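I have placed the structure first, in the form of structure tokens, so that the comments after it can refer back to it.
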Amino acid sequence: MTELAVEGADMGTLHHLDDHRPTPTGTGPVDLTKTAPVTDEAPVTPAPVSRWVRSGRAIRRAATHERTRTAGRLTVRHGMYIVGGGRIVARRTWEGRTAARYERMLRAAEAAGNLDLATEWEERGARFRAARHQRRMDLLTAPVKAAKGAAAGAGVTAGGLLLLGIFLAIANKDFTDVATPTMALIELVRWIVLIISVVWGPLVTLGPWAAVLGLWAVGKHQQAAPQWALPANAWNGAGEPITPSIVVLALRNLGIAPLRNAIKEMGDAGASMLGPIRIAGCGVEVDVTLPSGVSTNEVQNRRRKLAENLNRHEHEVFITIPEAARTIRLWIADSGALDEPIGPSPLVTDQSMTANYKSGRAPWGQDLRGDAAALSLYQRHLLITGLSNQGKTAALRALALWLALDRSVHFWIADLKGIGDWAMFDGIAQVLIEGPSDDHVIRATEMVEDAVEEMNRRIEERRRDPSIVFEPLIVLVDEAQLAFMCPVVGKDKRPYGGSKATSRYFMAVRKVHNQGRAVDVLMWQGTQDPTDQNLPKLVREGAHTRASLVLGTESQARMALGDKAVDGGAAPNLLRQGLDKGTLVVASDGIEIPAGQASITVRTHFIDDEPAAEVADRAKALRDGVTTLQVIERGEERDALADVAAVVGDAPRLRTNEVLKRLHALAPRDYGDEWTNDRLKRLLEEHGEEPKKSHGVMVIHRDHVLRALANRDTDGSAYTSE
């Protein structure tokens with residue numbers, strides 16, 4: 001009996017029994033089947049649910065059912081279409097017959113602070129009132145004029161009918177035809193009355209329904225229903241053309257109370273804040289004059305909400321500050337347009353393209369309007385920064401590839417990433433350092449210090465001869481943050497990295513920034529994830545052209561571009577990491593920027609390694625066999641004759657001036673101002689050779705230099721540069 005009782009009990013009952021079971025005092029096992037009390041009471045049955053409760057539950061289930069909710073939304077939606085359509089038609093009728101429209105536009109102009117426009121609308125309103133008053137005065141004399149007109153019309157009609165009847169009577173020789181035209185008119189009137197009496201009933205019945213249908217159509221077109229009542233799969237406006245009303249509604253719902261209140265006072269005339277909506281590339285552009293009490297940065301800080309109000313993603317709306325006061329410029333992309341790739345670079349497609357350092361502009365990409373974005377590199381230091389793997393090296397390399405097509409430009413390059421991104425410049429650059437180690441950073445630092453010496457030499461020559469023109473020298477360091485963060489300290493106790501006055505790399509870059517531009521010695525740097533430690537303030541502010549890919553924070557954006565650009569709307573921190581690769585925000589006077597803006601967004605052309613190598617080959621074909629120095633050695637005794645052979649390279653002959661330039665690029669400290677044409681001539685004469693003239697220009701033949709090397713003293717002595 002006990003076992004049956006336990007088996008019949010549910011688990012809840014067993015748990016209840018366990019909770020009230022006495023604690024066993026013994027230490028042996030407890031038989032649970034013997035501790036459950038046995039009872040002969042009947043099981044408790046739940047109390048019956050009342051009919052009202054069941055009915056309430058059924059009603060609630062029916063009311064909350066999806067079909068019921070759908071039917072309810074459908075009813076409310078179409079009912080509100082009629083109500084909203086009636087409201088819209090009534091407002092249009094009222095505005096058409098009163099001066100309400102002029103008053104509304106006047107208030108809008110006053111709220112926008114446009115007094116000239118306010119005066120114009122006031123004059124229009126006065127003219128409308130004068131014309132309306134004249135119409136009302138004309139109504140006073142209208143009955144008399146109508147009576148006179150009716151009498152005159154009746155007389156003319158009767159006379160005409162009588163004259164026509166006389167003509168018919170004469171023609172038919174029947175006097176009774178005189179009344180025929182009059183009787184015909186009477187018969188026509190009878191038929192008109194008959195037709196009206198037949199159709200009047202249906203017209204009276206259908207007329208109101210037709211009016212309701214018209215109101216429903218107006219309301220549906222204007223979506224005059226609550227948002228929750230609209231169908232769930234309704235078009236969400238994505239890709240909708242931007243109109244003044246859409247922009248005004250987006251601004252009104254931005255959450256800025258003074259702006260919302262000002263627009264409410266304007267009514268639908270909030271569009272008076274807007275300038276013309278212009279097509280600008282793959283989007284549109286519009287200037288918005290904000291009402292008094294609303295600052296431009298309040299709107300800038302709500303970029304995401306504004307974009308959503310415009311049915312766009314955040315990256316498809318850009319807010320900049322033009323010249324006019326209290327004005328913002330909105331550029332709104334077509335939906336999805338910025339996710340489409342731009343075309344290939346003209347460097348790749350145009351095999352005949354050349355470059356001009358002084359007057360040319362590098363084809364870098366396209367701005368958001370779809371126009372070509374070209375950058376002047378003439379006497380401008382350059383800084384490109386951004387997060388890792390966002391296209392920094394590709395953007396920097398594209399500029400260098402274009403400039404390499406000008407054979408007068410020299411390159412000293414340090415690639416501190418060292419994975420071959422700059423390998424195609426072997427044969428173009430006089431110096432090419434590739435590698436991420438501290439040793440490579442030391443070599444890069446010494447390269448920049450040599451650039452300082454070259455700059456000082458040029459300054460001294462310019463002082464002696466102000467008319468002298470130097471060939472441009474681009475000193476390029478990619479991944480420069482490694483140089484600033486290098487912990488190595490030299491033998492002179494000076495650190496290579498850091499941002500103090502004792503830092504060798506920092507001070508060398510600062511010196512080039514300060515004076516290099518005047519003698520065409522330019523510093524280009526690419527760095528990532530900028531901080532005050534890996535990109536010191538004085539260095540980043542020394543660049544004339546500053547460009548930034550996607551960054552993590554606004555503070556980094558200010559480091560990359562400066563406060564002025566960011567305050568003017570530049571926001572690389574709002575670009576999308578991974579999706580906006582190669583998109584740069586540029587602050588520079590070397591690129592065309594719309595008036596009033598401090599920066600421009602550029603989508604750069606991507607040049608892959610293979611086409612980059614093809615462009616580099618074209619650049620090499622324009623040059624006379626440049627020998628690229630891979631390693632800079634310090635403190636070594638130079639073999640001058642071997643160095644001459646190295647700089648001549650594969651060229652059959654080279655002008656002596658060019659040989660001297662290359663020697664200086666190879667080792668500026670060893671081949672300084674004391675190395676002239678005469679000293680070079682003495683070097684060759686000591687080994688049985690000498691420069692020869694070719695077409696009136698003194699040249700050095702490669703074969704002569706190699707022969708001098710072969711015939712050099714067998715004791716291994718070498719003529720050094722010391």
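As shown in the structure tokens, the chain order sets the letters A, B, ...; within each chain, residues go from 1, and ligands are also counted from 1 in the order they appear.
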Residue neighbourhood range 544-549 of chain A, 7 Å, only C-alpha atoms, exclusion window fewer than 4 positions, as a short mmCIF file (atom, residue, chain, number, x, y, z; two decimals) with N, CA, C and O atoms, in the first residue's frame:
data_model
loop_
_atom_site.label_atom_id
_atom_site.label_comp_id
_atom_site.auth_asym_id
_atom_site.auth_seq_id
_atom_site.Cartn_x
_atom_site.Cartn_y
_atom_site.Cartn_z
N ARG A 380 56.43 69.97 -50.23
CA ARG A 380 55.51 69.68 -49.12
C ARG A 380 55.96 68.43 -48.38
O ARG A 380 56.08 67.35 -48.99
N HIS A 381 56.19 68.57 -47.09
CA HIS A 381 56.41 67.39 -46.25
C HIS A 381 55.09 66.66 -46.09
O HIS A 381 54.01 67.27 -46.06
N LEU A 382 55.17 65.34 -45.95
CA LEU A 382 53.97 64.50 -46.00
C LEU A 382 53.91 63.57 -44.79
O LEU A 382 54.93 63.02 -44.36
N LEU A 383 52.70 63.41 -44.24
CA LEU A 383 52.47 62.46 -43.14
C LEU A 383 51.17 61.73 -43.41
O LEU A 383 50.12 62.34 -43.61
N ILE A 384 51.24 60.40 -43.43
CA ILE A 384 50.05 59.55 -43.57
C ILE A 384 50.01 58.61 -42.38
O ILE A 384 51.00 57.94 -42.06
N THR A 385 48.86 58.56 -41.72
CA THR A 385 48.73 57.71 -40.54
C THR A 385 47.39 56.99 -40.58
O THR A 385 46.53 57.28 -41.42
N GLY A 386 47.19 56.07 -39.67
CA GLY A 386 45.96 55.29 -39.61
C GLY A 386 46.20 54.01 -38.85
O GLY A 386 47.33 53.72 -38.42
N LEU A 387 45.15 53.23 -38.69
CA LEU A 387 45.30 51.93 -38.03
C LEU A 387 46.00 50.95 -38.96
O LEU A 387 46.11 51.17 -40.17
N GLN A 390 45.14 49.14 -43.14
CA GLN A 390 44.04 49.91 -43.73
C GLN A 390 44.43 50.60 -45.03
O GLN A 390 43.65 51.37 -45.58
N ALA A 560 46.40 63.28 -35.91
CA ALA A 560 46.72 63.02 -37.31
C ALA A 560 46.52 64.24 -38.19
O ALA A 560 47.34 64.53 -39.07
N LEU A 561 45.43 64.98 -37.98
CA LEU A 561 45.06 66.05 -38.91
C LEU A 561 45.12 67.44 -38.30
O LEU A 561 45.11 68.43 -39.04
N PRO A 572 38.17 61.03 -39.37
CA PRO A 572 38.67 59.70 -39.76
C PRO A 572 38.31 58.63 -38.73
O PRO A 572 38.29 57.45 -39.07
N GLY A 582 41.78 52.30 -47.61
CA GLY A 582 42.23 53.21 -48.65
C GLY A 582 41.50 54.54 -48.69
O GLY A 582 41.82 55.39 -49.51
N THR A 583 40.52 54.73 -47.79
CA THR A 583 39.81 56.01 -47.73
C THR A 583 40.54 56.93 -46.75
O THR A 583 40.73 56.58 -45.59
N LEU A 584 40.93 58.10 -47.24
CA LEU A 584 41.73 59.03 -46.47
C LEU A 584 40.98 60.34 -46.25
O LEU A 584 40.25 60.80 -47.13
N VAL A 585 41.19 60.92 -45.09
CA VAL A 585 40.77 62.30 -44.85
C VAL A 585 42.03 63.15 -44.93
O VAL A 585 42.99 62.92 -44.19
N VAL A 586 42.06 64.11 -45.85
CA VAL A 586 43.28 64.84 -46.19
C VAL A 586 43.12 66.31 -45.81
O VAL A 586 42.11 66.94 -46.13
N ALA A 587 44.13 66.83 -45.14
CA ALA A 587 44.21 68.26 -44.83
C ALA A 587 45.50 68.78 -45.46
O ALA A 587 46.59 68.44 -45.00
N SER A 588 45.37 69.57 -46.52
CA SER A 588 46.54 70.04 -47.24
C SER A 588 46.13 71.16 -48.18
O SER A 588 45.00 71.18 -48.68
#
Q: List the neighbours of Val566 in chain A out to 9 Å using only C-alpha atoms; skip same-chain residues closer than 6 positions along the sequence, and give me the result as number ranges by chain.
A: A: 554, 557-558, 572, 598-599
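Pairwise distance (CA of Ala665 in chain A, CA of Asp465 in chain A) equals 21.2 Å.
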Q: Give me every helix (DSSP H, G or I) residue in range 140-264 of chain A, going by DSSP on the backbone, as a PyMOL selection string.
A: chain A and resi 140-172+175-221+227-229+244-252+257-264
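Pairwise distance (CA of Val288 in chain A, CA of Val317 in chain A) equals 13.9 Å.
Distance check against Phe411 in chain A using only C-alpha atoms: of A:Arg662, A:Leu203, A:Ala333, A:Pro344, the minimum falls on A:Arg662.
Closest approach to Val602 in chain A among A:Gly552, A:Gly370, A:Pro530, A:Gly688 is made by A:Gly370 (distances from only C-alpha atoms).
Straight-line separation from CA of Glu308 in chain A to CA of Val550 in chain A: 21.2 Å.
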Taking 5 positions as the minimum chain separation for residues in the same chain, which residues sit within 6 Å of range 83-98 of chain A when counting only C-alpha atoms? Answer as a PDB file with all heavy atoms, in the first residue's frame.
ATOM      1  N   LEU A 215      -9.715  61.755 -50.440  1.00  0.00           N
ATOM      2  CA  LEU A 215      -8.988  62.056 -49.204  1.00  0.00           C
ATOM      3  C   LEU A 215      -8.077  60.892 -48.818  1.00  0.00           C
ATOM      4  O   LEU A 215      -6.949  61.102 -48.353  1.00  0.00           O
ATOM      5  CB  LEU A 215      -9.978  62.354 -48.073  1.00  0.00           C
ATOM      6  CG  LEU A 215     -10.862  63.595 -48.259  1.00  0.00           C
ATOM      7  CD1 LEU A 215     -11.819  63.722 -47.088  1.00  0.00           C
ATOM      8  CD2 LEU A 215     -10.011  64.845 -48.403  1.00  0.00           C
ATOM      9  N   TRP A 216      -8.573  59.662 -48.997  1.00  0.00           N
ATOM     10  CA  TRP A 216      -7.755  58.480 -48.687  1.00  0.00           C
ATOM     11  C   TRP A 216      -6.505  58.452 -49.566  1.00  0.00           C
ATOM     12  O   TRP A 216      -5.400  58.144 -49.092  1.00  0.00           O
ATOM     13  CB  TRP A 216      -8.584  57.224 -48.891  1.00  0.00           C
ATOM     14  CG  TRP A 216      -7.799  55.952 -48.711  1.00  0.00           C
ATOM     15  CD1 TRP A 216      -7.568  55.284 -47.560  1.00  0.00           C
ATOM     16  CD2 TRP A 216      -7.131  55.200 -49.751  1.00  0.00           C
ATOM     17  NE1 TRP A 216      -6.804  54.176 -47.793  1.00  0.00           N
ATOM     18  CE2 TRP A 216      -6.514  54.097 -49.134  1.00  0.00           C
ATOM     19  CE3 TRP A 216      -7.004  55.363 -51.128  1.00  0.00           C
ATOM     20  CZ2 TRP A 216      -5.785  53.160 -49.851  1.00  0.00           C
ATOM     21  CZ3 TRP A 216      -6.270  54.441 -51.840  1.00  0.00           C
ATOM     22  CH2 TRP A 216      -5.673  53.349 -51.201  1.00  0.00           C
ATOM     23  N   VAL A 218      -4.928  61.003 -50.958  1.00  0.00           N
ATOM     24  CA  VAL A 218      -3.996  62.036 -50.511  1.00  0.00           C
ATOM     25  C   VAL A 218      -3.271  61.587 -49.245  1.00  0.00           C
ATOM     26  O   VAL A 218      -2.046  61.727 -49.114  1.00  0.00           O
ATOM     27  CB  VAL A 218      -4.745  63.368 -50.268  1.00  0.00           C
ATOM     28  CG1 VAL A 218      -3.815  64.394 -49.625  1.00  0.00           C
ATOM     29  CG2 VAL A 218      -5.302  63.900 -51.574  1.00  0.00           C
ATOM     30  N   GLY A 219      -4.011  61.035 -48.282  1.00  0.00           N
ATOM     31  CA  GLY A 219      -3.395  60.577 -47.043  1.00  0.00           C
ATOM     32  C   GLY A 219      -2.418  59.442 -47.261  1.00  0.00           C
ATOM     33  O   GLY A 219      -1.352  59.386 -46.630  1.00  0.00           O
ATOM     34  N   ALA A 224       0.060  59.544 -44.112  1.00  0.00           N
ATOM     35  CA  ALA A 224      -0.511  60.264 -42.961  1.00  0.00           C
ATOM     36  C   ALA A 224      -1.134  59.300 -41.967  1.00  0.00           C
ATOM     37  O   ALA A 224      -2.320  59.373 -41.645  1.00  0.00           O
ATOM     38  CB  ALA A 224      -1.544  61.280 -43.450  1.00  0.00           C
TER      39      ALA A 224
END
Please return as a PDB file with C-alpha atoms, in the first residue's frame: the residues of range 351-553 of chain A that backbone DSSP assigns to strand (DSSP E or B).
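Writing done, so here's out_0.pdb:
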ATOM      1  CA  ALA A 362      49.617  62.950 -58.436  1.00  0.00           C
ATOM      2  CA  PRO A 363      46.393  61.092 -59.401  1.00  0.00           C
ATOM      3  CA  TRP A 364      45.578  59.782 -55.943  1.00  0.00           C
ATOM      4  CA  GLY A 365      41.904  58.777 -56.170  1.00  0.00           C
ATOM      5  CA  GLN A 366      38.428  60.292 -56.106  1.00  0.00           C
ATOM      6  CA  ASP A 367      36.651  62.553 -53.673  1.00  0.00           C
ATOM      7  CA  ALA A 372      39.445  63.134 -59.492  1.00  0.00           C
ATOM      8  CA  ALA A 373      41.503  63.934 -56.398  1.00  0.00           C
ATOM      9  CA  ALA A 374      45.016  64.982 -57.391  1.00  0.00           C
ATOM     10  CA  LEU A 375      47.713  66.031 -54.922  1.00  0.00           C
ATOM     11  CA  LEU A 382      53.967  64.495 -46.001  1.00  0.00           C
ATOM     12  CA  LEU A 383      52.469  62.464 -43.142  1.00  0.00           C
ATOM     13  CA  ILE A 384      50.054  59.553 -43.574  1.00  0.00           C
ATOM     14  CA  THR A 385      48.731  57.710 -40.544  1.00  0.00           C
ATOM     15  CA  GLY A 386      45.956  55.289 -39.608  1.00  0.00           C
ATOM     16  CA  HIS A 410      65.783  61.188 -55.949  1.00  0.00           C
ATOM     17  CA  PHE A 411      64.548  58.781 -53.286  1.00  0.00           C
ATOM     18  CA  TRP A 412      66.022  57.625 -50.006  1.00  0.00           C
ATOM     19  CA  ILE A 413      63.641  55.020 -48.593  1.00  0.00           C
ATOM     20  CA  ALA A 414      63.508  53.172 -45.273  1.00  0.00           C
ATOM     21  CA  ASP A 415      60.817  50.493 -45.108  1.00  0.00           C
ATOM     22  CA  ASP A 426      65.402  48.886 -56.085  1.00  0.00           C
ATOM     23  CA  ALA A 429      66.015  54.837 -54.943  1.00  0.00           C
ATOM     24  CA  VAL A 431      69.038  54.169 -50.635  1.00  0.00           C
ATOM     25  CA  LEU A 432      66.590  51.379 -49.788  1.00  0.00           C
ATOM     26  CA  ILE A 433      66.550  49.982 -46.236  1.00  0.00           C
ATOM     27  CA  GLU A 434      64.134  47.122 -45.572  1.00  0.00           C
ATOM     28  CA  LEU A 473      65.231  64.521 -52.659  1.00  0.00           C
ATOM     29  CA  ILE A 474      62.421  62.537 -51.030  1.00  0.00           C
ATOM     30  CA  VAL A 475      63.411  61.012 -47.695  1.00  0.00           C
ATOM     31  CA  LEU A 476      60.722  58.404 -47.027  1.00  0.00           C
ATOM     32  CA  VAL A 477      60.285  56.382 -43.838  1.00  0.00           C
ATOM     33  CA  ASP A 478      57.428  53.880 -43.728  1.00  0.00           C
ATOM     34  CA  VAL A 489      71.174  54.238 -27.248  1.00  0.00           C
ATOM     35  CA  PRO A 495      68.943  57.520 -27.943  1.00  0.00           C
ATOM     36  CA  VAL A 521      64.747  68.027 -49.308  1.00  0.00           C
ATOM     37  CA  LEU A 522      61.382  66.626 -48.236  1.00  0.00           C
ATOM     38  CA  MET A 523      60.353  64.265 -45.439  1.00  0.00           C
ATOM     39  CA  TRP A 524      57.598  61.691 -46.079  1.00  0.00           C
ATOM     40  CA  GLN A 525      56.470  59.486 -43.207  1.00  0.00           C
ATOM     41  CA  GLY A 526      53.916  56.735 -42.803  1.00  0.00           C
ATOM     42  CA  THR A 527      52.945  55.686 -39.308  1.00  0.00           C
ATOM     43  CA  GLN A 528      50.136  53.787 -37.619  1.00  0.00           C
ATOM     44  CA  THR A 545      50.142  67.470 -46.121  1.00  0.00           C
ATOM     45  CA  ARG A 546      48.492  65.379 -43.414  1.00  0.00           C
ATOM     46  CA  ALA A 547      46.295  62.427 -44.308  1.00  0.00           C
ATOM     47  CA  SER A 548      44.596  59.854 -42.132  1.00  0.00           C
TER      48      SER A 548
END
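Distance annotation: of A:Leu194, A:Ala710, A:Val512, A:Ile591, the residue with the minimal separation from Gly542 in chain A is A:Val512; atom set is only C-alpha atoms.
The nearest approach to Val247 in chain A among the residues A:His133, A:Arg61, A:Arg329, A:Arg190, with only C-alpha atoms taken into account, belongs to A:Arg329.
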Q: For range 612-614 of chain A, please output as a ChimeraX atom specification all residues within 12 Å (counting only C-alpha atoms; exclusion window: fewer than 4 positions along the same chain).
A: /A:344-351,394-395,397-402,404-405,420-428,605-608,618-621
Q. Can you list, as a ChimeraX atom specification, every protein, DNA or RNA residue that comes within 8 Å of Gln577 in chain A when you count only C-alpha atoms, leaving out same-chain residues fewer than 2 positions away?
A. /A:390,550-551,575,579-581
Writing out the chosen residues with all heavy atoms as an mmCIF file, in the first residue's frame:
data_model
loop_
_atom_site.group_PDB
_atom_site.id
_atom_site.type_symbol
_atom_site.label_atom_id
_atom_site.label_comp_id
_atom_site.auth_asym_id
_atom_site.auth_seq_id
_atom_site.Cartn_x
_atom_site.Cartn_y
_atom_site.Cartn_z
ATOM 1 N N GLN A 390 45.137 49.138 -43.140
ATOM 2 C CA GLN A 390 44.038 49.911 -43.726
ATOM 3 C C GLN A 390 44.428 50.596 -45.028
ATOM 4 O O GLN A 390 43.646 51.365 -45.578
ATOM 5 C CB GLN A 390 43.548 50.960 -42.721
ATOM 6 C CG GLN A 390 42.976 50.371 -41.450
ATOM 7 C CD GLN A 390 41.838 49.418 -41.714
ATOM 8 O OE1 GLN A 390 40.873 49.757 -42.390
ATOM 9 N NE2 GLN A 390 41.942 48.201 -41.182
ATOM 10 N N VAL A 550 41.369 55.274 -41.369
ATOM 11 C CA VAL A 550 40.496 55.071 -40.220
ATOM 12 C C VAL A 550 41.320 55.058 -38.933
ATOM 13 O O VAL A 550 42.405 54.479 -38.873
ATOM 14 C CB VAL A 550 39.694 53.758 -40.376
ATOM 15 C CG1 VAL A 550 40.604 52.572 -40.554
ATOM 16 C CG2 VAL A 550 38.773 53.539 -39.182
ATOM 17 N N LEU A 551 40.783 55.748 -37.911
ATOM 18 C CA LEU A 551 41.407 55.791 -36.594
ATOM 19 C C LEU A 551 40.383 55.392 -35.540
ATOM 20 O O LEU A 551 39.173 55.334 -35.823
ATOM 21 C CB LEU A 551 41.953 57.190 -36.301
ATOM 22 C CG LEU A 551 43.194 57.605 -37.098
ATOM 23 C CD1 LEU A 551 43.517 59.066 -36.867
ATOM 24 C CD2 LEU A 551 44.394 56.744 -36.734
ATOM 25 N N LEU A 575 35.316 56.557 -39.879
ATOM 26 C CA LEU A 575 35.417 55.609 -40.980
ATOM 27 C C LEU A 575 35.309 54.185 -40.430
ATOM 28 O O LEU A 575 35.534 53.940 -39.250
ATOM 29 C CB LEU A 575 36.740 55.787 -41.718
ATOM 30 C CG LEU A 575 36.940 57.133 -42.434
ATOM 31 C CD1 LEU A 575 38.357 57.227 -42.998
ATOM 32 C CD2 LEU A 575 35.919 57.304 -43.551
ATOM 33 N N LEU A 579 36.270 48.139 -43.846
ATOM 34 C CA LEU A 579 35.360 48.406 -44.961
ATOM 35 C C LEU A 579 35.764 49.640 -45.748
ATOM 36 O O LEU A 579 35.430 49.755 -46.929
ATOM 37 C CB LEU A 579 33.925 48.567 -44.450
ATOM 38 C CG LEU A 579 33.315 47.345 -43.766
ATOM 39 C CD1 LEU A 579 31.922 47.664 -43.247
ATOM 40 C CD2 LEU A 579 33.256 46.170 -44.736
ATOM 41 N N ASP A 580 36.456 50.569 -45.097
ATOM 42 C CA ASP A 580 36.877 51.803 -45.762
ATOM 43 C C ASP A 580 38.386 51.813 -45.974
ATOM 44 O O ASP A 580 39.048 52.835 -45.817
ATOM 45 C CB ASP A 580 36.455 53.022 -44.931
ATOM 46 C CG ASP A 580 34.956 53.237 -44.959
ATOM 47 O OD1 ASP A 580 34.346 52.978 -46.009
ATOM 48 O OD2 ASP A 580 34.390 53.642 -43.941
ATOM 49 N N LYS A 581 38.932 50.680 -46.362
ATOM 50 C CA LYS A 581 40.359 50.614 -46.645
ATOM 51 C C LYS A 581 40.698 51.569 -47.790
ATOM 52 O O LYS A 581 40.007 51.613 -48.801
ATOM 53 C CB LYS A 581 40.768 49.188 -47.038
ATOM 54 C CG LYS A 581 40.988 48.257 -45.870
ATOM 55 C CD LYS A 581 41.589 46.943 -46.342
ATOM 56 C CE LYS A 581 41.906 46.033 -45.161
ATOM 57 N NZ LYS A 581 42.537 44.768 -45.598
#
